[in-house]
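Structure below is start09.cif: mmCIF, C-alpha atoms.
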```cif
data_structure
#
loop_
_atom_site.group_PDB
_atom_site.id
_atom_site.type_symbol
_atom_site.label_atom_id
_atom_site.label_comp_id
_atom_site.auth_asym_id
_atom_site.auth_seq_id
_atom_site.Cartn_x
_atom_site.Cartn_y
_atom_site.Cartn_z
ATOM 1 C CA MET A 1 12.233 91.618 29.609
ATOM 2 C CA TYR A 2 8.757 90.414 30.347
ATOM 3 C CA ASN A 3 8.160 89.464 26.717
ATOM 4 C CA VAL A 4 11.367 87.382 26.552
ATOM 5 C CA ASN A 5 10.561 85.419 29.683
ATOM 6 C CA SER A 6 6.998 84.911 28.519
ATOM 7 C CA LYS A 7 8.256 83.618 25.151
ATOM 8 C CA LYS A 8 10.641 81.158 26.848
ATOM 9 C CA ASN A 9 7.857 79.878 29.077
ATOM 10 C CA ASN A 10 5.585 79.339 26.115
ATOM 11 C CA MET A 11 8.319 77.403 24.314
ATOM 12 C CA LYS A 12 8.854 75.185 27.361
ATOM 13 C CA VAL A 13 5.132 74.471 27.539
ATOM 14 C CA GLY A 14 5.089 73.704 23.814
ATOM 15 C CA TYR A 15 8.057 71.344 24.102
ATOM 16 C CA THR A 16 6.426 69.618 27.057
ATOM 17 C CA ILE A 17 3.135 69.160 25.213
ATOM 18 C CA PHE A 18 4.929 67.936 22.052
ATOM 19 C CA SER A 19 6.984 65.416 24.055
ATOM 20 C CA GLY A 20 3.833 64.178 25.761
ATOM 21 C CA LEU A 21 2.090 63.738 22.398
ATOM 22 C CA VAL A 22 5.092 61.815 21.012
ATOM 23 C CA ILE A 23 5.172 59.532 24.060
ATOM 24 C CA LEU A 24 1.401 59.055 23.831
ATOM 25 C CA PHE A 25 1.687 58.251 20.112
ATOM 26 C CA LEU A 26 4.432 55.714 20.723
ATOM 27 C CA PHE A 27 2.439 54.143 23.531
ATOM 28 C CA VAL A 28 -0.645 53.847 21.311
ATOM 29 C CA VAL A 29 1.416 52.303 18.506
ATOM 30 C CA ILE A 30 3.093 49.805 20.811
ATOM 31 C CA VAL A 31 -0.101 48.797 22.573
ATOM 32 C CA GLY A 32 -2.304 48.944 19.485
ATOM 33 C CA THR A 33 -0.072 47.001 17.137
ATOM 34 C CA GLY A 34 1.325 44.610 19.733
ATOM 35 C CA GLU A 35 4.877 45.090 18.396
ATOM 36 C CA ASN A 36 7.677 44.135 20.748
ATOM 37 C CA LEU A 37 9.910 47.119 20.092
ATOM 38 C CA PHE A 38 12.045 46.709 23.181
ATOM 39 C CA SER A 39 12.214 42.878 23.380
ATOM 40 C CA LYS A 40 14.468 40.448 21.566
ATOM 41 C CA THR A 41 12.606 38.589 18.820
ATOM 42 C CA TYR A 42 13.185 35.978 16.109
ATOM 43 C CA ASN A 43 11.279 35.053 12.967
ATOM 44 C CA LEU A 44 9.434 31.909 11.832
ATOM 45 C CA ASN A 45 7.631 31.390 8.529
ATOM 46 C CA LEU A 46 4.403 29.724 7.403
ATOM 47 C CA VAL A 47 3.368 28.600 3.913
ATOM 48 C CA VAL A 48 -0.408 28.664 3.321
ATOM 49 C CA LYS A 49 -2.830 28.536 0.389
ATOM 50 C CA GLU A 50 -5.244 31.116 1.828
ATOM 51 C CA THR A 51 -4.670 33.890 4.344
ATOM 52 C CA GLU A 52 -8.258 33.524 5.615
ATOM 53 C CA GLY A 53 -8.344 37.222 6.507
ATOM 54 C CA LEU A 54 -4.941 37.436 8.218
ATOM 55 C CA LYS A 55 -3.202 40.807 8.030
ATOM 56 C CA LYS A 56 0.039 42.409 9.131
ATOM 57 C CA GLY A 57 0.193 43.035 12.848
ATOM 58 C CA GLY A 58 -2.199 40.183 13.617
ATOM 59 C CA SER A 59 -1.729 38.296 16.852
ATOM 60 C CA VAL A 60 0.337 35.129 17.189
ATOM 61 C CA LEU A 61 -0.437 32.918 20.183
ATOM 62 C CA LEU A 62 1.393 29.994 21.757
ATOM 63 C CA GLY A 63 -1.009 27.719 23.583
ATOM 64 C CA GLY A 64 -3.398 30.656 23.958
ATOM 65 C CA LEU A 65 -0.703 33.160 25.136
ATOM 66 C CA LYS A 66 0.232 36.043 22.851
ATOM 67 C CA ILE A 67 3.949 35.835 22.033
ATOM 68 C CA GLY A 68 4.236 37.881 18.833
ATOM 69 C CA SER A 69 2.608 39.226 15.702
ATOM 70 C CA ILE A 70 2.480 38.840 11.936
ATOM 71 C CA ARG A 71 5.401 40.768 10.519
ATOM 72 C CA ASP A 72 4.827 40.346 6.792
ATOM 73 C CA ILE A 73 2.618 38.569 4.223
ATOM 74 C CA ARG A 74 3.983 37.997 0.721
ATOM 75 C CA PHE A 75 3.317 35.876 -2.358
ATOM 76 C CA VAL A 76 6.113 33.543 -3.476
ATOM 77 C CA PRO A 77 6.372 30.640 -5.995
ATOM 78 C CA VAL A 78 6.823 27.255 -4.280
ATOM 79 C CA GLU A 79 7.312 24.156 -6.487
ATOM 80 C CA ASN A 80 5.879 25.929 -9.548
ATOM 81 C CA LYS A 81 2.812 26.997 -7.574
ATOM 82 C CA ASN A 82 1.967 30.377 -6.115
ATOM 83 C CA LYS A 83 1.871 30.182 -2.336
ATOM 84 C CA ILE A 84 1.604 32.694 0.499
ATOM 85 C CA VAL A 85 4.435 33.042 3.012
ATOM 86 C CA ILE A 86 3.570 34.564 6.373
ATOM 87 C CA GLU A 87 6.490 35.831 8.436
ATOM 88 C CA LEU A 88 6.016 35.786 12.202
ATOM 89 C CA SER A 89 7.859 37.938 14.707
ATOM 90 C CA LEU A 90 8.052 36.036 18.001
ATOM 91 C CA LEU A 91 9.567 36.723 21.411
ATOM 92 C CA GLN A 92 12.936 35.021 21.763
ATOM 93 C CA GLU A 93 12.159 33.855 25.286
ATOM 94 C CA TYR A 94 9.589 31.369 23.900
ATOM 95 C CA ALA A 95 11.903 29.897 21.260
ATOM 96 C CA GLY A 96 12.452 26.704 23.255
ATOM 97 C CA LYS A 97 8.707 26.065 23.416
ATOM 98 C CA ILE A 98 8.253 25.917 19.629
ATOM 99 C CA THR A 99 9.794 22.701 18.309
ATOM 100 C CA THR A 100 9.675 20.420 15.281
ATOM 101 C CA GLY A 101 6.536 18.856 16.745
ATOM 102 C CA SER A 102 4.674 22.181 16.887
ATOM 103 C CA SER A 103 2.167 23.303 14.280
ATOM 104 C CA ALA A 104 0.306 26.507 13.481
ATOM 105 C CA ALA A 105 -3.413 26.935 12.885
ATOM 106 C CA ILE A 106 -5.426 29.913 11.652
ATOM 107 C CA GLU A 107 -8.237 30.592 14.113
ATOM 108 C CA THR A 108 -10.916 33.200 14.744
ATOM 109 C CA PHE A 109 -10.432 35.580 17.672
ATOM 110 C CA GLY A 110 -13.074 37.736 19.357
ATOM 111 C CA LEU A 111 -16.661 38.582 18.471
ATOM 112 C CA LEU A 112 -15.635 40.566 15.417
ATOM 113 C CA GLY A 113 -14.113 37.503 13.783
ATOM 114 C CA ASP A 114 -10.517 38.719 13.679
ATOM 115 C CA LYS A 115 -8.059 36.093 12.454
ATOM 116 C CA MET A 116 -4.993 35.033 14.414
ATOM 117 C CA ILE A 117 -2.370 32.294 14.379
ATOM 118 C CA ASN A 118 -2.242 29.847 17.253
ATOM 119 C CA ILE A 119 0.903 27.681 17.651
ATOM 120 C CA SER A 120 0.838 24.425 19.569
ATOM 121 C CA LEU A 121 3.401 23.731 22.286
ATOM 122 C CA GLY A 122 6.243 21.336 21.509
ATOM 123 C CA ASN A 123 7.736 18.611 23.695
ATOM 124 C CA HIS A 124 10.962 18.859 25.671
ATOM 125 C CA ASP A 125 12.651 16.022 23.759
ATOM 126 C CA GLU A 126 12.080 17.732 20.378
ATOM 127 C CA LYS A 127 14.449 20.060 18.551
ATOM 128 C CA PRO A 128 13.512 23.774 18.792
ATOM 129 C CA LEU A 129 12.958 25.754 15.585
ATOM 130 C CA HIS A 130 15.487 28.467 14.801
ATOM 131 C CA ASP A 131 15.244 31.879 13.195
ATOM 132 C CA GLY A 132 13.981 31.616 9.609
ATOM 133 C CA ASP A 133 12.653 28.035 9.899
ATOM 134 C CA PHE A 134 9.271 27.061 8.488
ATOM 135 C CA LEU A 135 6.513 25.984 10.836
ATOM 136 C CA PRO A 136 4.043 23.348 9.537
ATOM 137 C CA VAL A 137 0.455 24.532 9.179
ATOM 138 C CA LYS A 138 -2.433 22.484 10.501
ATOM 139 C CA GLU A 139 -5.408 22.160 8.151
ATOM 140 C CA PHE A 140 -8.231 24.456 9.187
ATOM 141 C CA PHE A 141 -11.933 24.509 8.381
ATOM 142 C CA SER A 142 -13.912 27.576 7.419
ATOM 143 C CA ILE A 143 -17.053 28.427 5.536
ATOM 144 C CA GLU A 144 -15.031 29.948 2.704
ATOM 145 C CA THR A 145 -12.798 26.903 2.151
ATOM 146 C CA ALA A 146 -15.617 24.428 2.743
ATOM 147 C CA GLY A 147 -17.596 25.614 -0.260
ATOM 148 C CA SER A 148 -16.019 23.103 -2.642
ATOM 149 C CA VAL A 149 -16.802 20.274 -0.208
ATOM 150 C CA VAL A 150 -20.297 21.366 0.772
ATOM 151 C CA GLU A 151 -21.491 22.166 -2.763
ATOM 152 C CA PRO A 152 -21.544 18.509 -4.014
ATOM 153 C CA ILE A 153 -23.338 17.475 -0.834
ATOM 154 C CA LEU A 154 -25.935 20.198 -1.344
ATOM 155 C CA GLN A 155 -26.407 19.057 -4.948
ATOM 156 C CA LYS A 156 -27.034 15.490 -3.784
ATOM 157 C CA ILE A 157 -29.472 16.700 -1.145
ATOM 158 C CA ASP A 158 -31.270 18.747 -3.789
ATOM 159 C CA GLY A 159 -31.490 15.652 -6.026
ATOM 160 C CA ILE A 160 -32.844 13.571 -3.127
ATOM 161 C CA ALA A 161 -35.422 16.261 -2.379
ATOM 162 C CA THR A 162 -36.485 16.259 -6.037
ATOM 163 C CA ASP A 163 -36.858 12.465 -6.007
ATOM 164 C CA ILE A 164 -38.869 12.582 -2.784
ATOM 165 C CA LYS A 165 -41.119 15.256 -4.254
ATOM 166 C CA SER A 166 -41.671 13.105 -7.360
ATOM 167 C CA ILE A 167 -42.449 10.034 -5.244
ATOM 168 C CA THR A 168 -44.887 11.903 -3.013
ATOM 169 C CA GLY A 169 -46.540 13.341 -6.119
ATOM 170 C CA ASP A 170 -47.050 9.860 -7.582
ATOM 171 C CA VAL A 171 -48.358 8.606 -4.259
ATOM 172 C CA SER A 172 -50.854 11.452 -3.891
ATOM 173 C CA THR A 173 -52.162 10.968 -7.450
ATOM 174 C CA GLY A 174 -52.315 7.169 -7.175
ATOM 175 C CA ASN A 175 -49.891 6.545 -10.064
ATOM 176 C CA SER A 176 -47.610 4.172 -8.153
ATOM 177 C CA THR A 177 -48.270 0.929 -6.298
ATOM 178 C CA ILE A 178 -48.180 2.685 -2.940
ATOM 179 C CA GLY A 179 -50.357 5.455 -4.341
ATOM 180 C CA LYS A 180 -52.968 2.943 -5.546
ATOM 181 C CA LEU A 181 -52.817 1.255 -2.177
ATOM 182 C CA LEU A 182 -53.559 4.556 -0.444
ATOM 183 C CA VAL A 183 -56.061 5.961 -2.943
ATOM 184 C CA ASP A 184 -57.795 2.935 -4.538
ATOM 185 C CA ASP A 185 -60.554 1.477 -2.339
ATOM 186 C CA SER A 186 -60.422 -1.889 -4.133
ATOM 187 C CA ALA A 187 -56.798 -2.336 -3.105
ATOM 188 C CA ILE A 188 -57.725 -1.584 0.509
ATOM 189 C CA ASN A 189 -60.566 -4.116 0.308
ATOM 190 C CA LYS A 190 -58.239 -6.782 -1.083
ATOM 191 C CA LEU A 191 -55.760 -6.049 1.673
ATOM 192 C CA ASN A 192 -58.490 -6.349 4.281
ATOM 193 C CA VAL A 193 -59.566 -9.720 2.837
ATOM 194 C CA LEU A 194 -55.944 -10.894 2.913
ATOM 195 C CA LEU A 195 -55.590 -9.827 6.543
ATOM 196 C CA GLU A 196 -58.825 -11.633 7.429
ATOM 197 C CA ASN A 197 -57.565 -14.818 5.772
ATOM 198 C CA ILE A 198 -54.278 -14.569 7.627
ATOM 199 C CA SER A 199 -56.169 -14.052 10.895
ATOM 200 C CA ALA A 200 -58.298 -17.135 10.162
ATOM 201 C CA ILE A 201 -55.184 -19.213 9.468
ATOM 202 C CA VAL A 202 -53.544 -18.035 12.693
ATOM 203 C CA LEU A 203 -56.729 -18.779 14.643
ATOM 204 C CA SER A 204 -56.887 -22.255 13.099
ATOM 205 C CA VAL A 205 -53.288 -22.908 14.016
ATOM 206 C CA ASN A 206 -53.826 -21.707 17.572
ATOM 207 C CA SER A 207 -56.896 -23.958 17.921
ATOM 208 C CA SER A 208 -54.896 -27.025 16.712
ATOM 209 C CA LYS A 209 -56.980 -27.385 13.566
ATOM 210 C CA GLY A 210 -55.404 -28.839 10.450
ATOM 211 C CA SER A 211 -51.997 -30.407 10.030
ATOM 212 C CA ILE A 212 -50.077 -27.218 10.763
ATOM 213 C CA GLY A 213 -52.135 -26.565 13.898
ATOM 214 C CA ARG A 214 -51.449 -30.056 15.212
ATOM 215 C CA LEU A 215 -47.805 -29.723 14.291
ATOM 216 C CA VAL A 216 -47.547 -26.511 16.305
ATOM 217 C CA ASN A 217 -49.647 -27.457 19.329
ATOM 218 C CA GLU A 218 -49.355 -31.263 19.646
ATOM 219 C CA PRO A 219 -46.600 -32.131 22.175
ATOM 220 C CA ASN A 220 -46.541 -35.821 21.179
ATOM 221 C CA LEU A 221 -45.292 -34.887 17.713
ATOM 222 C CA TYR A 222 -42.507 -32.875 19.265
ATOM 223 C CA ASN A 223 -41.606 -35.806 21.514
ATOM 224 C CA ASP A 224 -41.588 -38.185 18.540
ATOM 225 C CA LEU A 225 -39.343 -35.820 16.622
ATOM 226 C CA ALA A 226 -37.073 -35.562 19.656
ATOM 227 C CA VAL A 227 -36.843 -39.365 19.875
ATOM 228 C CA ILE A 228 -36.117 -39.650 16.150
ATOM 229 C CA THR A 229 -33.446 -36.981 16.459
ATOM 230 C CA TYR A 230 -31.895 -38.796 19.427
ATOM 231 C CA ASN A 231 -31.892 -42.129 17.565
ATOM 232 C CA LEU A 232 -30.355 -40.549 14.493
ATOM 233 C CA ARG A 233 -27.676 -38.994 16.660
ATOM 234 C CA ARG A 234 -26.896 -42.366 18.270
ATOM 235 C CA LEU A 235 -26.807 -43.988 14.837
ATOM 236 C CA THR A 236 -24.389 -41.394 13.451
ATOM 237 C CA ASP A 237 -22.220 -41.642 16.575
ATOM 238 C CA SER A 238 -22.171 -45.446 16.230
ATOM 239 C CA LEU A 239 -21.217 -45.198 12.572
ATOM 240 C CA ALA A 240 -18.533 -42.647 13.355
ATOM 241 C CA SER A 241 -17.045 -44.906 16.060
ATOM 242 C CA GLY A 242 -17.139 -48.008 13.776
ATOM 243 C CA LYS A 243 -19.705 -49.946 15.830
ATOM 244 C CA GLY A 244 -22.077 -52.444 14.179
ATOM 245 C CA THR A 245 -21.901 -54.009 10.733
ATOM 246 C CA LEU A 246 -22.514 -50.743 8.892
ATOM 247 C CA GLY A 247 -20.023 -48.915 11.094
ATOM 248 C CA LYS A 248 -17.355 -51.536 10.395
ATOM 249 C CA PHE A 249 -18.238 -51.361 6.728
ATOM 250 C CA LEU A 250 -17.551 -47.613 6.792
ATOM 251 C CA ARG A 251 -14.499 -47.686 9.063
ATOM 252 C CA ASP A 252 -12.787 -51.082 8.488
ATOM 253 C CA ASP A 253 -10.321 -51.048 5.582
ATOM 254 C CA SER A 254 -10.030 -54.852 5.517
ATOM 255 C CA PHE A 255 -13.638 -55.202 4.392
ATOM 256 C CA TYR A 256 -12.946 -52.788 1.579
ATOM 257 C CA ASN A 257 -9.829 -54.718 0.620
ATOM 258 C CA ASN A 258 -11.721 -58.050 0.613
ATOM 259 C CA LEU A 259 -14.488 -56.545 -1.466
ATOM 260 C CA ASN A 260 -11.895 -55.164 -3.835
ATOM 261 C CA ASP A 261 -10.202 -58.598 -4.129
ATOM 262 C CA LEU A 262 -13.580 -60.256 -4.791
ATOM 263 C CA THR A 263 -14.297 -57.722 -7.492
ATOM 264 C CA ASN A 264 -10.918 -58.357 -9.101
ATOM 265 C CA GLY A 265 -11.569 -62.166 -9.025
ATOM 266 C CA LEU A 266 -14.955 -61.747 -10.663
ATOM 267 C CA ASN A 267 -13.381 -59.542 -13.321
ATOM 268 C CA THR A 268 -10.813 -62.304 -14.023
ATOM 269 C CA ILE A 269 -13.550 -64.940 -14.348
ATOM 270 C CA VAL A 270 -15.571 -62.725 -16.666
ATOM 271 C CA LYS A 271 -12.510 -62.173 -18.851
ATOM 272 C CA LYS A 272 -11.887 -65.924 -19.025
ATOM 273 C CA THR A 273 -15.463 -66.534 -20.149
ATOM 274 C CA GLU A 274 -14.737 -64.346 -23.112
ATOM 275 C CA ASN A 275 -12.126 -66.940 -24.224
ATOM 276 C CA ASP A 276 -13.543 -69.910 -26.254
ATOM 277 C CA SER A 277 -10.880 -72.284 -24.869
ATOM 278 C CA THR A 278 -12.776 -72.671 -21.582
ATOM 279 C CA LEU A 279 -15.934 -74.702 -21.142
ATOM 280 C CA ILE A 280 -17.993 -71.752 -19.934
ATOM 281 C CA GLY A 281 -16.472 -69.480 -22.560
ATOM 282 C CA GLY A 282 -17.138 -72.005 -25.304
ATOM 283 C CA SER A 283 -20.669 -72.532 -24.068
ATOM 284 C CA LEU A 284 -21.332 -68.851 -24.048
ATOM 285 C CA ASN A 285 -19.629 -67.982 -27.312
ATOM 286 C CA ASP A 286 -20.065 -71.127 -29.545
ATOM 287 C CA LYS A 287 -23.608 -71.392 -30.888
ATOM 288 C CA THR A 288 -23.058 -74.913 -32.301
ATOM 289 C CA LEU A 289 -22.008 -76.183 -28.885
ATOM 290 C CA TYR A 290 -25.144 -74.662 -27.461
ATOM 291 C CA ILE A 291 -27.270 -76.435 -30.143
ATOM 292 C CA LYS A 292 -25.557 -79.818 -29.533
ATOM 293 C CA LEU A 293 -25.903 -79.468 -25.799
ATOM 294 C CA ASN A 294 -29.559 -78.591 -26.169
ATOM 295 C CA SER A 295 -30.087 -81.629 -28.473
ATOM 296 C CA LEU A 296 -28.317 -83.915 -25.990
ATOM 297 C CA ILE A 297 -30.571 -82.730 -23.211
ATOM 298 C CA ASP A 298 -33.640 -83.385 -25.331
ATOM 299 C CA GLU A 299 -32.419 -86.934 -26.122
ATOM 300 C CA LEU A 300 -31.731 -87.607 -22.439
ATOM 301 C CA ASN A 301 -35.227 -86.452 -21.566
ATOM 302 C CA SER A 302 -36.687 -88.803 -24.247
ATOM 303 C CA LEU A 303 -34.591 -91.724 -22.937
ATOM 304 C CA ILE A 304 -35.709 -91.153 -19.380
ATOM 305 C CA THR A 305 -39.321 -90.948 -20.477
ATOM 306 C CA ASP A 306 -39.038 -94.206 -22.463
ATOM 307 C CA ILE A 307 -37.385 -95.986 -19.500
ATOM 308 C CA LYS A 308 -40.251 -94.971 -17.304
ATOM 309 C CA GLU A 309 -42.840 -96.157 -19.812
ATOM 310 C CA ASN A 310 -41.081 -99.402 -21.019
ATOM 311 C CA PRO A 311 -38.721 -100.524 -18.267
ATOM 312 C CA GLU A 312 -38.729 -104.135 -19.591
ATOM 313 C CA ARG A 313 -36.778 -103.033 -22.592
ATOM 314 C CA TYR A 314 -33.874 -101.971 -20.434
ATOM 315 C CA ILE A 315 -34.130 -104.210 -17.359
ATOM 316 C CA ASN A 316 -34.181 -108.006 -17.763
ATOM 317 C CA VAL A 317 -34.236 -109.986 -14.501
ATOM 318 C CA SER A 318 -33.828 -113.840 -14.622
ATOM 319 C CA LEU A 319 -33.597 -116.233 -11.641
ATOM 320 C CA PHE A 320 -32.347 -119.199 -13.615
#
```

Since I need it in another form, could you write the structure as structure tokens?
Amino acid sequence: MYNVNSKKNNMKVGYTIFSGLVILFLFVVIVGTGENLFSKTYNLNLVVKETEGLKKGGSVLLGGLKIGSIRDIRFVPVENKNKIVIELSLLQEYAGKITTGSSAAIETFGLLGDKMINISLGNHDEKPLHDGDFLPVKEFFSIETAGSVVEPILQKIDGIATDIKSITGDVSTGNSTIGKLLVDDSAINKLNVLLENISAIVLSVNSSKGSIGRLVNEPNLYNDLAVITYNLRRLTDSLASGKGTLGKFLRDDSFYNNLNDLTNGLNTIVKKTENDSTLIGGSLNDKTLYIKLNSLIDELNSLITDIKENPERYINVSLF
């Protein structure tokens, strides 16, 4: 009788210990994995190029609050390209907070660098996402994905460093202009002479020597220039307003019209002179007329001379 009761007691203790271990195991699984076994959930999906270290059971946050976990990660073809679809298991009570304006980002969590998904809150006037919908992914930056961007920059920096090293080498050996300037004493001496000459010129200018010195330091020249500038301004203003003869010449259209008419009249006269039917035209164009006219003038001059010398031949005065 004692053995039977003892056996029953041992079985009860065993059952109790086994039940406790099962409860403890379930508690560890629920707490450790973060699965919501006793809460109503729904699923959303993400399409990414890289998982960036995400794994099943990873945390999913909404505005920093944990609302679910990563249920599954699988490779699927999307538009003839292999992509990664991440399925999220989220608490149903937060479904109204994730809308069409929300986006997901892969972030680092904790000191160990664990990866998680953080979803941004949507607005009240936006349509909530339903079970099975796809959530847009916000571009993220990481050392792994930045390699293709950083590598060209590093190559350029390396090339710049090589060029700088080459330049400094030429400078130190005196092969370049700057190197000769730093190493060659004759170049330094020439530079010193140039600086001395410049100092002498500046001193001469400051002491009002030479034309430039007087131009810089003589106030009368400035006053004269100011007066000339003022007079020129008055002259241009007068011309612009049509004052004076020159101003009227520039502004008055009647003067232009008169000048144009005079030009046209002169052109008409010049054209008429080209015609032999006119006296001036005939005189200009007929050489024989010119010779006869010249001969007539010579004869008139001879007649006048003879009248002066022998007036009695031409004037006969008689009283009776």

Of the candidates A:Thr51, A:Asn294, A:Asn310, A:Thr99, which one gets nearest to Lys83 (chain A) if we count all atoms listed in the file?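 Among A:Thr51, A:Asn294, A:Asn310, A:Thr99, it is A:Thr51 that comes nearest to Lys83 (chain A).
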
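Taking CA of Glu107 (chain A) and CA of Lys138 (chain A) as the two end points, the separation is 10.6 Å.
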
Tell me which of A:Lys292, A:Lys308, A:Lys81, A:Arg233 sits closest to Lys49 (chain A), counting only C-alpha atoms.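 Smallest distance to Lys49 (chain A) is found for A:Lys81.
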
Expand the PyMOL selection byres ((chain A and resi 100-102) around 8) into the explicit residue set it covers here, and present it as an NGL selection string. :A and (98-99 or 103-104 or 119-123 or 126-129 or 135-136)

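With only C-alpha atoms taken into account, the protein and nucleic acid residues at most 9 Å from region 59-73 of chain A (excluding it and anything under 3 positions from it in its own chain) are Thr33, Gly34, Glu35, Asn36, Thr41, Asn43, Thr51, Leu54, Lys55, Lys56, Ile84, Val85, Ile86, Glu87, Leu88, Ser89, Leu90, Leu91, Tyr94, Lys97, Ile98, Lys115, Met116, Ile117, Asn118, Ile119, Ser120 and Leu121 of chain A.
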
For a test of reading the model, state the distance in Å between CA of Val76 (chain A) and CA of Val48 (chain A), rounded to one decimal. 10.6 Å

Work out how far apart CA of Val270 (chain A) and CA of Asn257 (chain A) are and give it in Å to one decimal.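 About the pair CA of Val270 (chain A) and CA of Asn257 (chain A): they are 19.9 Å apart.
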
For His130 (chain A), the nearest of the candidates A:Gly113, A:Tyr42, A:Thr229, A:Leu24, counting all atoms listed in the file: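 Comparing A:Gly113, A:Tyr42, A:Thr229, A:Leu24 against His130 (chain A), the winner is A:Tyr42.
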